[in-house]
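Engineer: Below is a structure I'd like to ask you about.
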Amino acid sequence: MLLVVTDERCADHMAGTNHPERPDRLHAAIDGVVRSGVRDAVELMAPRPAVDDDLALVHSVELIDRVRRIADAGGGRLDADTVMNGASLSAALLAAGAVVTATEELAARDDLHAAYAVVRPPGHHATADRSMGFCLFNSVAVAAARRADAGERVAIIDIDAHHGNGTQDIFAERNDVLFASIHQSPLYPGSGAVTEKGAGAGEGFTINLPLPPGATGDVARQGIEAVIGPAVEEFAPDWVFISAGYDGHRADPITDLGYTSADIADLVADVGALAPAGRTVVLLEGGYDLDAVRDSSAAVTAQLVGEVHRPEAPTTGGPGMDVVEAAQRLHRRR
Ligand SMILES: [Zn+2]
């Protein structure tokens, strides 16, 4: 069974009129789960909301207090493109809580193959002390920190088109959480150069594959085959978390990668193959074309129960293999 953790209240968060990070994204992703052809193999569950002690594992008290103050005031602006209404705090607590719930359910049950948190707002841009880029709290980081603080090893693979700068920052100096990102460059937020590979004890535990506009699925998959896969295998994680933004889809209006939903499902399959049985947690990050979100979510859902549902064909032949080769040289295994 695949556990899908979601909550309709995640649709109550509004980031402003005509904002690309809109409630219908959640509905499109759930529509994909329903249309995946494997609905019978999916168990739906509501999340337990995260509490301040969860958030405090990765966020400063100042950030948590600021988000709460703005929520109490009925909404307001966190940064140039990150806006809250009165329902945003509860949505963000449910989003972070969903990843925690997904992880706890997998740990407690042996009838689940994987879990998929279908939530918004996204989280991977939120740093320890700054909400940014449509993200309030870093949901994947909260769940990863809970496991890592309990002595387990967590690999977070981020396939969103944007660099997961917040997740990278939070774990940059740790060697019990490996962070790898395949993203478009140049693109917001501007970080994620191939040379960014962690610091201190965490050096070598951050991997970046900044692909050029137009990069296709085969290039991203080669990044997993040649760079991320060997590193994760050597790391030997207890958990693999996948920050699954669907904005790498070629139809996405705010990015320029060349993937289809089939490529995105292939990436999830390749990364999921690196996880111990029953220890893969996928969460929705970005993705701003509703049809692409629906198709990607459907393809990923089927993939997570071992079935194939591919509304589109995979893509090949785009640029970026030079980036994969540069990262391979930089991260050559010892
Ligand atoms: Zn994104």
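Following the order of the structure tokens, first chain is A, next is B, and so on, with residues numbered from 1 inside each chain and ligands from 1 in the order they appear.
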Let me see if you get this right: every residue at most 10 Å from ligand 1, counting only C-alpha atoms and all ligand atoms, written as an MDAnalysis selection string.
Structural biologist: chainID A and resid 21 122:125 133:134 158:164 183:184 187:189 243:248 252 254:255 284:288
Engineer: Can I get the selected residues back with N, CA and C atoms, as a short mmCIF file (atom, residue, chain, number, x, y, z; two decimals), in the first residue's frame?
Structural biologist:
data_model
loop_
_atom_site.label_atom_id
_atom_site.label_comp_id
_atom_site.auth_asym_id
_atom_site.auth_seq_id
_atom_site.Cartn_x
_atom_site.Cartn_y
_atom_site.Cartn_z
N GLU A 21 1.39 29.93 -6.70
CA GLU A 21 1.29 28.89 -5.66
C GLU A 21 -0.13 28.96 -5.09
N PRO A 122 4.62 24.80 -0.12
CA PRO A 122 5.87 24.05 -0.18
C PRO A 122 6.82 24.50 0.92
N GLY A 123 7.99 23.85 1.03
CA GLY A 123 8.85 24.16 2.17
C GLY A 123 10.32 24.32 1.88
N HIS A 124 10.82 23.85 0.73
CA HIS A 124 12.28 23.66 0.62
C HIS A 124 13.12 24.93 0.52
N HIS A 125 12.47 26.09 0.32
CA HIS A 125 13.24 27.35 0.34
C HIS A 125 13.40 27.93 1.74
N GLY A 133 10.36 32.39 -0.83
CA GLY A 133 10.07 31.59 -2.02
C GLY A 133 8.82 30.74 -1.91
N PHE A 134 7.73 31.30 -1.43
CA PHE A 134 6.43 30.64 -1.26
C PHE A 134 6.44 29.68 -0.07
N ASP A 158 16.20 16.31 -3.81
CA ASP A 158 15.29 17.39 -4.20
C ASP A 158 15.28 17.49 -5.72
N ILE A 159 14.14 17.14 -6.33
CA ILE A 159 14.05 17.18 -7.80
C ILE A 159 13.20 18.34 -8.29
N ASP A 160 12.82 19.25 -7.39
CA ASP A 160 12.13 20.48 -7.80
C ASP A 160 13.04 21.26 -8.74
N ALA A 161 12.45 22.03 -9.65
CA ALA A 161 13.26 22.80 -10.61
C ALA A 161 14.09 23.88 -9.94
N HIS A 162 13.68 24.30 -8.74
CA HIS A 162 14.43 25.31 -8.00
C HIS A 162 15.36 24.64 -7.00
N HIS A 163 16.50 25.28 -6.74
CA HIS A 163 17.41 24.73 -5.74
C HIS A 163 16.76 24.76 -4.36
N GLY A 164 16.91 23.66 -3.61
CA GLY A 164 16.37 23.59 -2.26
C GLY A 164 17.31 24.25 -1.27
N HIS A 183 18.50 20.76 -10.13
CA HIS A 183 17.66 21.94 -10.35
C HIS A 183 18.13 22.71 -11.57
N GLN A 184 17.33 23.69 -11.97
CA GLN A 184 17.70 24.55 -13.10
C GLN A 184 18.60 25.69 -12.63
N LEU A 187 18.34 30.26 -12.06
CA LEU A 187 16.92 30.33 -11.65
C LEU A 187 16.90 30.71 -10.17
N TYR A 188 15.77 31.28 -9.72
CA TYR A 188 15.57 31.54 -8.30
C TYR A 188 15.88 30.27 -7.51
N PRO A 189 16.53 30.30 -6.35
CA PRO A 189 16.99 31.50 -5.63
C PRO A 189 18.46 31.85 -5.95
N SER A 243 11.99 15.53 -2.16
CA SER A 243 11.29 16.81 -2.35
C SER A 243 10.88 16.86 -3.82
N ALA A 244 9.62 16.49 -4.06
CA ALA A 244 9.15 16.33 -5.44
C ALA A 244 8.40 17.57 -5.88
N GLY A 245 9.15 18.54 -6.40
CA GLY A 245 8.49 19.62 -7.13
C GLY A 245 8.21 19.11 -8.53
N TYR A 246 7.07 19.54 -9.06
CA TYR A 246 6.71 19.14 -10.43
C TYR A 246 6.91 20.30 -11.41
N ASP A 247 7.70 21.31 -10.99
CA ASP A 247 7.94 22.45 -11.88
C ASP A 247 9.10 22.21 -12.84
N GLY A 248 9.73 21.02 -12.78
CA GLY A 248 10.68 20.66 -13.82
C GLY A 248 9.98 20.23 -15.11
N ASP A 252 5.74 23.92 -17.28
CA ASP A 252 5.66 24.83 -16.13
C ASP A 252 5.88 26.28 -16.58
N ILE A 254 6.91 28.94 -14.87
CA ILE A 254 7.94 29.80 -14.25
C ILE A 254 9.34 29.18 -14.31
N THR A 255 9.51 28.06 -15.02
CA THR A 255 10.82 27.44 -15.14
C THR A 255 11.02 26.98 -16.59
N LEU A 284 5.14 16.83 -1.99
CA LEU A 284 4.94 17.83 -3.03
C LEU A 284 5.61 19.12 -2.62
N GLU A 285 6.49 19.63 -3.49
CA GLU A 285 7.05 20.97 -3.27
C GLU A 285 6.38 21.91 -4.28
N GLY A 286 7.11 22.34 -5.37
CA GLY A 286 6.51 23.26 -6.34
C GLY A 286 5.80 22.55 -7.49
N GLY A 287 5.52 23.34 -8.54
CA GLY A 287 4.78 22.82 -9.70
C GLY A 287 3.58 23.71 -9.96
N TYR A 288 3.59 24.44 -11.08
CA TYR A 288 2.64 25.54 -11.25
C TYR A 288 1.78 25.45 -12.50
#
Engineer: Considering only C-alpha atoms, return as a count of residues only whatever protein or nucleic-acid residues lie within 9 Å of A:Leu283, sequence-local ones (same chain, fewer than 5 positions apart) excluded.
Structural biologist: 15
Engineer: Run DSSP on the backbone and tell me which residues of stretch 263-326 of chain A come out as strand (DSSP E or B); list them as an MDAnalysis selection string.
Structural biologist: chainID A and resid 280:284
Engineer: Give the alpha helix (DSSP H) residues of stretch 26-244 of chain A, as assigned by DSSP on the backbone, as a PyMOL selection string.
Structural biologist: chain A and resi 26-34+52-55+61-72+88-108+139-149+165-171+217-223+229-235
Engineer: So which residues touch stretch 8-19 of chain A within 10 Å, counting only C-alpha atoms, skipping near sequence neighbours fewer than 2 positions away, as a ChimeraX atom specification?
Structural biologist: /A:6,21-27,30,46,75-77,81-95,118-121,134,288
Engineer: Determine the nearest neighbour of A:Leu3 from the options A:Pro186, A:Gly32, A:Gly278, A:Pro311, counting only C-alpha atoms.
Structural biologist: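 Under the stated criterion, the closest residue is A:Gly278.
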Engineer: Just checking: using only C-alpha atoms, which residue out of A:Arg221, A:Arg332, A:Lys197, A:His59 ends up closest to A:Ala126?
Structural biologist: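 Residue with the minimum atom-to-atom distance to A:Ala126: A:His59.
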Engineer: Using only C-alpha atoms, which residues of stretch 176-199 of chain A come within 12 Å of stretch 237-240 of chain A, and what is the closest atom pair for each, with the distance in Å to one decimal? Give it as JSON lines, sorted by chain and residue number.
Structural biologist:
{"residue": "A:Asp176", "atom": "CA", "partner": "A:Pro237", "partner_atom": "CA", "distance": 8.6}
{"residue": "A:Val177", "atom": "CA", "partner": "A:Pro237", "partner_atom": "CA", "distance": 8.4}
{"residue": "A:Leu178", "atom": "CA", "partner": "A:Pro237", "partner_atom": "CA", "distance": 8.5}
{"residue": "A:Phe179", "atom": "CA", "partner": "A:Val240", "partner_atom": "CA", "distance": 10.1}
{"residue": "A:Ala180", "atom": "CA", "partner": "A:Val240", "partner_atom": "CA", "distance": 11.0}
Engineer: Grab the residues selected above and save them as a short mmCIF file (atom, residue, chain, number, x, y, z; two decimals), in the first residue's frame with N, CA and C atoms.
Structural biologist:
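New file again.cif:
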data_model
loop_
_atom_site.label_atom_id
_atom_site.label_comp_id
_atom_site.auth_asym_id
_atom_site.auth_seq_id
_atom_site.Cartn_x
_atom_site.Cartn_y
_atom_site.Cartn_z
N ASP A 176 24.88 13.41 9.06
CA ASP A 176 23.86 12.37 9.20
C ASP A 176 22.64 12.65 8.32
N VAL A 177 22.69 13.77 7.59
CA VAL A 177 21.67 14.07 6.58
C VAL A 177 22.40 14.42 5.29
N LEU A 178 22.18 13.64 4.25
CA LEU A 178 22.76 13.93 2.95
C LEU A 178 21.71 14.66 2.12
N PHE A 179 22.11 15.79 1.52
CA PHE A 179 21.18 16.56 0.69
C PHE A 179 21.71 16.62 -0.73
N ALA A 180 20.87 16.23 -1.69
CA ALA A 180 21.24 16.34 -3.10
C ALA A 180 20.12 17.01 -3.87
#
Engineer: Please compute the atom CA of A:Ala128-atom CA of A:Val142 distance, one decimal, in Å.
Structural biologist: 10.4 Å
Engineer: Can you tell me, as a list in words, what residues are no more than 9 Å from A:Glu307 when counting only C-alpha atoms, ignoring any on the same chain fewer than 6 positions away?
Structural biologist: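 Surrounding residues, per the criterion: Gly37, Val38, Ala299 and Thr301 of chain A.
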Engineer: Considering only C-alpha atoms, return as an MDAnalysis selection string whatever protein or nucleic-acid residues lie within 12 Å of A:Pro314, sequence-local ones (same chain, fewer than 4 positions apart) excluded.
Structural biologist: chainID A and resid 216:221 249:250 258:267 296 299 310 318
Engineer: One number please: atom CA of A:Leu304 to atom CA of A:Ala144, in Å, one decimal.
Structural biologist: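 We find that atom CA of A:Leu304 and atom CA of A:Ala144 lie 19.8 Å from each other.
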Engineer: At what distance in Å, to one decimal, does atom CA of A:Met132 lie from atom CA of A:Glu196?
Structural biologist: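 Distance reported for this atom pair: 20.1 Å.
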Engineer: Please list as a PyMOL selection string every residue within 7 Å of A:Leu57, counting only C-alpha atoms and excluding residues in the same chain fewer than 3 positions away.
Structural biologist: chain A and resi 53-54+142+145
